[in-house]
file query32.cif (mmCIF, C-alpha atoms and all ligand atoms)
data_model
#
loop_
_atom_site.group_PDB
_atom_site.id
_atom_site.type_symbol
_atom_site.label_atom_id
_atom_site.label_comp_id
_atom_site.auth_asym_id
_atom_site.auth_seq_id
_atom_site.Cartn_x
_atom_site.Cartn_y
_atom_site.Cartn_z
ATOM 1 C CA MET A 423 10.643 -39.377 -28.493
ATOM 2 C CA SER A 424 12.608 -41.350 -31.110
ATOM 3 C CA LYS A 425 9.358 -42.309 -32.854
ATOM 4 C CA GLU A 426 8.855 -38.802 -34.168
ATOM 5 C CA MET A 427 12.273 -38.653 -35.744
ATOM 6 C CA ASP A 428 11.177 -41.338 -38.239
ATOM 7 C CA HIS A 429 9.049 -38.813 -40.097
ATOM 8 C CA SER A 430 9.784 -35.548 -41.710
ATOM 9 C CA CYS A 431 7.723 -32.610 -40.624
ATOM 10 C CA VAL A 432 5.158 -31.153 -42.988
ATOM 11 C CA ILE A 433 5.264 -27.391 -43.465
ATOM 12 C CA LEU A 434 1.687 -26.355 -44.125
ATOM 13 C CA PRO A 435 0.878 -23.316 -46.251
ATOM 14 C CA GLU A 436 0.332 -20.161 -44.266
ATOM 15 C CA GLU A 437 -2.909 -18.228 -44.530
ATOM 16 C CA GLN A 438 -2.392 -14.480 -44.739
ATOM 17 C CA ALA A 439 -4.192 -12.270 -42.261
ATOM 18 C CA PRO A 440 -7.013 -10.189 -43.734
ATOM 19 C CA GLU A 441 -5.646 -6.918 -45.039
ATOM 20 C CA ASP A 442 -7.198 -4.777 -42.327
ATOM 21 C CA MET A 443 -5.574 -6.955 -39.616
ATOM 22 C CA GLN A 444 -2.086 -7.167 -41.051
ATOM 23 C CA HIS A 445 -0.841 -4.170 -39.101
ATOM 24 C CA CYS A 446 -2.777 -4.772 -35.909
ATOM 25 C CA GLU A 447 -1.372 -2.810 -32.994
ATOM 26 C CA ARG A 448 -3.988 -3.665 -30.407
ATOM 27 C CA CYS A 449 -1.452 -4.920 -27.905
ATOM 28 C CA GLU A 450 2.151 -4.480 -26.876
ATOM 29 C CA LEU A 451 3.365 -7.475 -28.913
ATOM 30 C CA CYS A 452 3.351 -5.301 -32.009
ATOM 31 C CA LYS A 453 6.433 -3.572 -30.566
ATOM 32 C CA GLN A 454 8.406 -6.807 -30.283
ATOM 33 C CA ARG A 455 9.443 -6.901 -33.961
ATOM 34 C CA ASN A 456 7.500 -10.011 -34.788
ATOM 35 C CA ARG A 457 4.954 -10.542 -37.498
ATOM 36 C CA ILE A 458 1.305 -11.582 -37.436
ATOM 37 C CA ILE A 459 0.639 -15.221 -38.257
ATOM 38 C CA TRP A 460 -3.029 -15.770 -38.917
ATOM 39 C CA GLY A 461 -2.948 -19.548 -39.369
ATOM 40 C CA GLU A 462 -1.768 -22.382 -41.557
ATOM 41 C CA GLY A 463 -3.095 -25.493 -43.228
ATOM 42 C CA ASN A 464 -6.402 -25.893 -45.014
ATOM 43 C CA PRO A 465 -8.331 -22.620 -44.565
ATOM 44 C CA GLN A 466 -11.601 -24.392 -45.432
ATOM 45 C CA SER A 467 -11.125 -27.152 -42.861
ATOM 46 C CA SER A 468 -13.967 -27.948 -40.490
ATOM 47 C CA LEU A 469 -11.397 -28.766 -37.799
ATOM 48 C CA MET A 470 -9.530 -25.880 -36.174
ATOM 49 C CA LEU A 471 -6.557 -26.542 -33.901
ATOM 50 C CA ILE A 472 -5.576 -23.759 -31.514
ATOM 51 C CA LEU A 473 -2.034 -23.331 -30.205
ATOM 52 C CA ASP A 474 -0.892 -20.605 -27.816
ATOM 53 C CA ASN A 475 1.200 -18.528 -30.224
ATOM 54 C CA PRO A 476 3.316 -18.921 -33.352
ATOM 55 C CA GLY A 477 6.733 -20.520 -32.992
ATOM 56 C CA ALA A 478 10.100 -19.360 -34.226
ATOM 57 C CA ARG A 479 9.606 -20.974 -37.634
ATOM 58 C CA GLU A 480 6.427 -19.061 -38.252
ATOM 59 C CA ASP A 481 8.043 -15.855 -37.136
ATOM 60 C CA ARG A 482 10.851 -16.128 -39.688
ATOM 61 C CA GLU A 483 9.117 -15.735 -42.959
ATOM 62 C CA GLY A 484 10.602 -17.786 -45.772
ATOM 63 C CA ASN A 485 12.984 -19.628 -43.493
ATOM 64 C CA PRO A 486 11.254 -22.863 -42.565
ATOM 65 C CA PHE A 487 12.909 -25.184 -40.127
ATOM 66 C CA LEU A 488 11.659 -28.005 -38.028
ATOM 67 C CA CYS A 489 9.939 -26.851 -34.934
ATOM 68 C CA GLY A 490 9.416 -29.076 -31.936
ATOM 69 C CA THR A 491 5.773 -28.116 -31.519
ATOM 70 C CA ARG A 492 4.963 -29.002 -35.098
ATOM 71 C CA GLU A 493 6.951 -32.262 -35.024
ATOM 72 C CA THR A 494 5.169 -33.553 -31.947
ATOM 73 C CA LEU A 495 1.760 -32.307 -33.063
ATOM 74 C CA GLN A 496 2.148 -34.099 -36.374
ATOM 75 C CA LEU A 497 3.394 -37.258 -34.696
ATOM 76 C CA GLY A 498 0.254 -37.306 -32.533
ATOM 77 C CA MET A 499 -1.997 -36.653 -35.510
ATOM 78 C CA ARG A 500 -0.439 -39.424 -37.554
ATOM 79 C CA GLU A 501 -0.815 -41.848 -34.655
ATOM 80 C CA ALA A 502 -4.456 -40.784 -34.226
ATOM 81 C CA GLY A 503 -5.222 -41.103 -37.943
ATOM 82 C CA ILE A 504 -5.837 -37.419 -38.637
ATOM 83 C CA ASP A 505 -4.720 -36.160 -42.027
ATOM 84 C CA ILE A 506 -2.279 -33.317 -41.380
ATOM 85 C CA HIS A 507 -3.234 -31.625 -44.661
ATOM 86 C CA SER A 508 -6.918 -31.492 -43.816
ATOM 87 C CA VAL A 509 -6.774 -29.345 -40.680
ATOM 88 C CA TYR A 510 -6.374 -25.654 -39.981
ATOM 89 C CA VAL A 511 -4.002 -24.488 -37.247
ATOM 90 C CA THR A 512 -4.228 -21.102 -35.599
ATOM 91 C CA TYR A 513 -3.176 -19.315 -32.428
ATOM 92 C CA LEU A 514 -4.610 -17.632 -29.399
ATOM 93 C CA LEU A 515 -2.042 -14.849 -29.920
ATOM 94 C CA LYS A 516 -1.272 -14.041 -33.532
ATOM 95 C CA ARG A 517 2.242 -12.826 -32.751
ATOM 96 C CA ARG A 518 5.074 -14.668 -31.089
ATOM 97 C CA PRO A 519 6.030 -13.045 -27.767
ATOM 98 C CA ILE A 520 9.759 -12.518 -27.502
ATOM 99 C CA ARG A 521 9.930 -10.793 -24.145
ATOM 100 C CA ALA A 522 7.736 -10.701 -21.042
ATOM 101 C CA TYR A 523 4.330 -9.117 -21.652
ATOM 102 C CA ASP A 524 1.034 -8.406 -19.941
ATOM 103 C CA LYS A 525 -0.675 -11.758 -20.486
ATOM 104 C CA PRO A 526 -4.298 -11.008 -19.550
ATOM 105 C CA ALA A 527 -4.335 -7.725 -21.521
ATOM 106 C CA THR A 528 -2.696 -9.282 -24.570
ATOM 107 C CA ARG A 529 -4.982 -12.312 -24.596
ATOM 108 C CA ALA A 530 -8.038 -10.080 -24.296
ATOM 109 C CA ALA A 531 -6.764 -7.837 -27.107
ATOM 110 C CA CYS A 532 -6.100 -10.705 -29.503
ATOM 111 C CA LEU A 533 -9.138 -12.875 -28.764
ATOM 112 C CA PRO A 534 -11.416 -10.953 -31.160
ATOM 113 C CA HIS A 535 -9.197 -12.114 -34.032
ATOM 114 C CA LEU A 536 -9.871 -15.739 -33.149
ATOM 115 C CA GLN A 537 -13.562 -14.995 -32.682
ATOM 116 C CA ALA A 538 -13.644 -13.411 -36.137
ATOM 117 C CA GLN A 539 -11.969 -16.506 -37.601
ATOM 118 C CA LEU A 540 -14.641 -18.699 -36.016
ATOM 119 C CA LEU A 541 -17.427 -16.574 -37.422
ATOM 120 C CA GLN A 542 -15.865 -16.627 -40.846
ATOM 121 C CA LYS A 543 -14.827 -20.301 -40.989
ATOM 122 C CA GLN A 544 -17.552 -21.867 -38.846
ATOM 123 C CA PRO A 545 -15.571 -25.003 -37.954
ATOM 124 C CA LEU A 546 -17.362 -28.119 -36.708
ATOM 125 C CA VAL A 547 -14.856 -28.824 -33.969
ATOM 126 C CA LEU A 548 -12.131 -26.919 -32.096
ATOM 127 C CA PHE A 549 -9.187 -28.382 -30.251
ATOM 128 C CA GLY A 550 -6.895 -26.448 -27.922
ATOM 129 C CA PHE A 551 -3.349 -27.346 -26.832
ATOM 130 C CA GLY A 552 -2.004 -26.451 -23.415
ATOM 131 C CA ASN A 553 -3.024 -24.476 -20.373
ATOM 132 C CA VAL A 554 -2.424 -21.087 -21.970
ATOM 133 C CA VAL A 555 -5.184 -21.802 -24.484
ATOM 134 C CA VAL A 556 -7.495 -22.993 -21.684
ATOM 135 C CA GLU A 557 -6.827 -19.789 -19.726
ATOM 136 C CA GLY A 558 -7.175 -17.591 -22.788
ATOM 137 C CA LEU A 559 -10.503 -19.051 -23.892
ATOM 138 C CA PHE A 560 -12.015 -19.565 -20.457
ATOM 139 C CA PRO A 561 -10.646 -16.764 -18.262
ATOM 140 C CA GLU A 562 -13.704 -17.170 -16.037
ATOM 141 C CA LYS A 563 -12.774 -20.782 -15.175
ATOM 142 C CA GLU A 564 -10.158 -19.896 -12.632
ATOM 143 C CA HIS A 565 -7.290 -22.375 -12.341
ATOM 144 C CA ALA A 566 -8.768 -24.657 -15.035
ATOM 145 C CA THR A 567 -6.097 -26.828 -16.633
ATOM 146 C CA VAL A 568 -5.799 -29.295 -19.480
ATOM 147 C CA LYS A 569 -5.529 -32.071 -16.933
ATOM 148 C CA GLU A 570 -9.006 -31.212 -15.705
ATOM 149 C CA LEU A 571 -10.643 -30.470 -19.043
ATOM 150 C CA ARG A 572 -9.177 -33.168 -21.295
ATOM 151 C CA GLY A 573 -11.280 -36.222 -22.037
ATOM 152 C CA SER A 574 -14.579 -34.347 -22.317
ATOM 153 C CA TRP A 575 -16.146 -31.792 -24.636
ATOM 154 C CA HIS A 576 -16.768 -28.168 -23.790
ATOM 155 C CA GLU A 577 -18.117 -25.287 -25.824
ATOM 156 C CA PHE A 578 -16.612 -22.077 -27.105
ATOM 157 C CA GLN A 579 -18.718 -19.644 -29.119
ATOM 158 C CA GLY A 580 -21.274 -22.432 -29.638
ATOM 159 C CA ILE A 581 -18.660 -24.853 -31.076
ATOM 160 C CA PRO A 582 -17.520 -28.051 -29.341
ATOM 161 C CA ILE A 583 -13.964 -27.788 -28.054
ATOM 162 C CA GLY A 584 -11.649 -30.366 -26.532
ATOM 163 C CA PHE A 585 -8.205 -29.931 -24.999
ATOM 164 C CA THR A 586 -4.961 -31.777 -24.689
ATOM 165 C CA TYR A 587 -1.417 -31.070 -23.551
ATOM 166 C CA HIS A 588 0.799 -28.671 -25.439
ATOM 167 C CA PRO A 589 3.111 -30.551 -27.829
ATOM 168 C CA LEU A 590 6.169 -29.056 -26.107
ATOM 169 C CA ALA A 591 4.943 -30.392 -22.750
ATOM 170 C CA VAL A 592 4.705 -33.813 -24.398
ATOM 171 C CA ARG A 593 8.275 -33.466 -25.663
ATOM 172 C CA ARG A 594 9.486 -32.594 -22.190
ATOM 173 C CA ARG A 595 7.493 -35.363 -20.538
ATOM 174 C CA PRO A 596 7.290 -38.341 -22.919
ATOM 175 C CA ASN A 597 4.958 -40.162 -20.504
ATOM 176 C CA LEU A 598 2.275 -37.727 -21.703
ATOM 177 C CA LEU A 599 2.516 -38.977 -25.279
ATOM 178 C CA ARG A 600 -0.016 -41.750 -24.832
ATOM 179 C CA PHE A 601 -2.579 -39.316 -23.358
ATOM 180 C CA PHE A 602 -1.853 -36.893 -26.168
ATOM 181 C CA ILE A 603 -2.539 -39.569 -28.797
ATOM 182 C CA GLU A 604 -5.603 -40.781 -26.904
ATOM 183 C CA ASP A 605 -7.013 -37.225 -26.881
ATOM 184 C CA LEU A 606 -6.336 -36.794 -30.585
ATOM 185 C CA LYS A 607 -8.109 -40.082 -31.296
ATOM 186 C CA GLY A 608 -11.107 -38.733 -29.376
ATOM 187 C CA LEU A 609 -10.904 -35.624 -31.518
ATOM 188 C CA ARG A 610 -10.886 -37.684 -34.713
ATOM 189 C CA GLU A 611 -14.003 -39.555 -33.577
ATOM 190 C CA LYS A 612 -15.786 -36.319 -32.716
ATOM 191 C CA TRP A 613 -14.836 -34.788 -36.039
ATOM 192 C CA GLU A 614 -15.965 -37.852 -37.970
ATOM 193 C CA GLU A 615 -19.261 -37.966 -36.085
ATOM 194 C CA GLY A 616 -19.895 -34.411 -37.253
ATOM 195 C CA GLY A 617 -19.153 -35.367 -40.849
ATOM 196 C CA GLY A 618 -15.517 -34.186 -40.855
ATOM 197 C CA ARG A 619 -12.756 -35.774 -42.855
ATOM 198 C CA SER A 620 -9.775 -37.854 -41.716
ATOM 199 C CA PHE A 621 -7.800 -40.715 -43.249
HETATM 200 S S1 LIG A 701 -0.818 -10.156 -30.711
HETATM 201 FE FE1 LIG A 701 -2.878 -9.970 -31.559
HETATM 202 S S2 LIG A 701 -3.762 -8.115 -30.617
HETATM 203 FE FE2 LIG A 701 -1.553 -8.038 -30.296
HETATM 204 S S3 LIG A 701 -0.799 -6.787 -31.995
HETATM 205 FE FE3 LIG A 701 -0.641 -8.954 -32.617
HETATM 206 S S4 LIG A 701 -2.542 -9.427 -33.713
HETATM 207 FE FE4 LIG A 701 -2.855 -7.501 -32.576
#

call {"tool": "encode", "arguments": {"input": "query32.cif", "output": "structure tokens", "more": "lines below"}}
Ligand code: SF4
result
Amino acid sequence: MSKEMDHSCVILPEEQAPEDMQHCERCELCKQRNRIIWGEGNPQSSLMLILDNPGAREDREGNPFLCGTRETLQLGMREAGIDIHSVYVTYLLKRRPIRAYDKPATRAACLPHLQAQLLQKQPLVLFGFGNVVVEGLFPEKEHATVKELRGSWHEFQGIPIGFTYHPLAVRRRPNLLRFFIEDLKGLREKWEEGGGRSF
């Protein structure tokens, strides 16, 4: 992964959660002393990227440091010709889990937040990273994985959605990088077809 070390990582501005959500206690993650991260990047973007949950950087307000997920995500986007500043990034879970937790219950509790974001922002295209996002969005598709779903378009809440590997999986297995970039190129084409913006 030496390629990614050639570039510094962009820290995108965080979007605050709506006031009535800032103290959400719908699931057990609220007891893990972590804060809610609603999303980051361009809040008006027509492209919404969905990660599993915030990373350590996001959890430590005012203390930015390079995070592996962000580094690899941005490397892939640069290679695919997607402007990092023109996308919006959010999470399936709005808090970072620190300890073990009840996954199905937590995902179900937090999903309405993402659904509300979609209603409010009405993005043209969605793109999910990793199997946790697949499972969280499509709990009815038992055993569905990125490997199966990548390379074609699906639909979530009436919006086209594609999937690729989680950036940390790509870091662990560099042979996935070319698929990751290929998927992001497909995303760029889809976004452009719909009138979205890229480089
Ligand atoms: S993870 Fe989601 S549902 Fe759970 S407390 Fe945080 S915002 Fe609420």

call {"tool": "resolve_selection", "arguments": {"input": "query32.cif", "expression": "the PyMOL selection byres (((not hetatm)) within 10 of (chain A and resi 701))", "output": "PyMOL selection string"}}
result
chain A and resi 439+443-454+456-460+475+513-519+527-536

call {"tool": "residues_around", "arguments": {"input": "query32.cif", "residues": "stretch 602-604 of chain A", "least_positions_apart": "5", "cutoff": "7 Å", "atoms": "all atoms listed in the file", "output": "ChimeraX atom specification"}}
result
/A:498,501-502,586-587

call {"tool": "residues_around", "arguments": {"input": "query32.cif", "residues": "A:Leu473", "least_positions_apart": "5", "cutoff": "8 Å", "atoms": "all atoms listed in the file", "output": "NGL selection string"}}
result
:A and (511-514 or 550-552 or 555 or 588)

call {"tool": "closest_residue", "arguments": {"input": "query32.cif", "among": "A:Val556, A:Leu434, A:Ile581, A:Leu495", "to": "A:Asn464", "atoms": "only C-alpha atoms"}}
result
A:Leu434

call {"tool": "closest_residue", "arguments": {"input": "query32.cif", "among": "A:Lys607, A:Pro526, A:Gly461, A:Ser508", "to": "A:Glu562", "atoms": "all atoms listed in the file"}}
result
A:Pro526

call {"tool": "closest_residue", "arguments": {"input": "query32.cif", "among": "A:Cys489, A:Gly463, A:His576, A:Gly617", "to": "A:Glu436", "atoms": "all atoms listed in the file"}}
result
A:Gly463

call {"tool": "atom_distance", "arguments": {"input": "query32.cif", "atom1": "atom CA of A:Gly558", "atom2": "atom CA of A:Trp575"}}
result
16.9 Å

call {"tool": "atom_distance", "arguments": {"input": "query32.cif", "atom1": "atom CA of A:Pro561", "atom2": "atom CA of A:Phe601"}}
result
24.5 Å
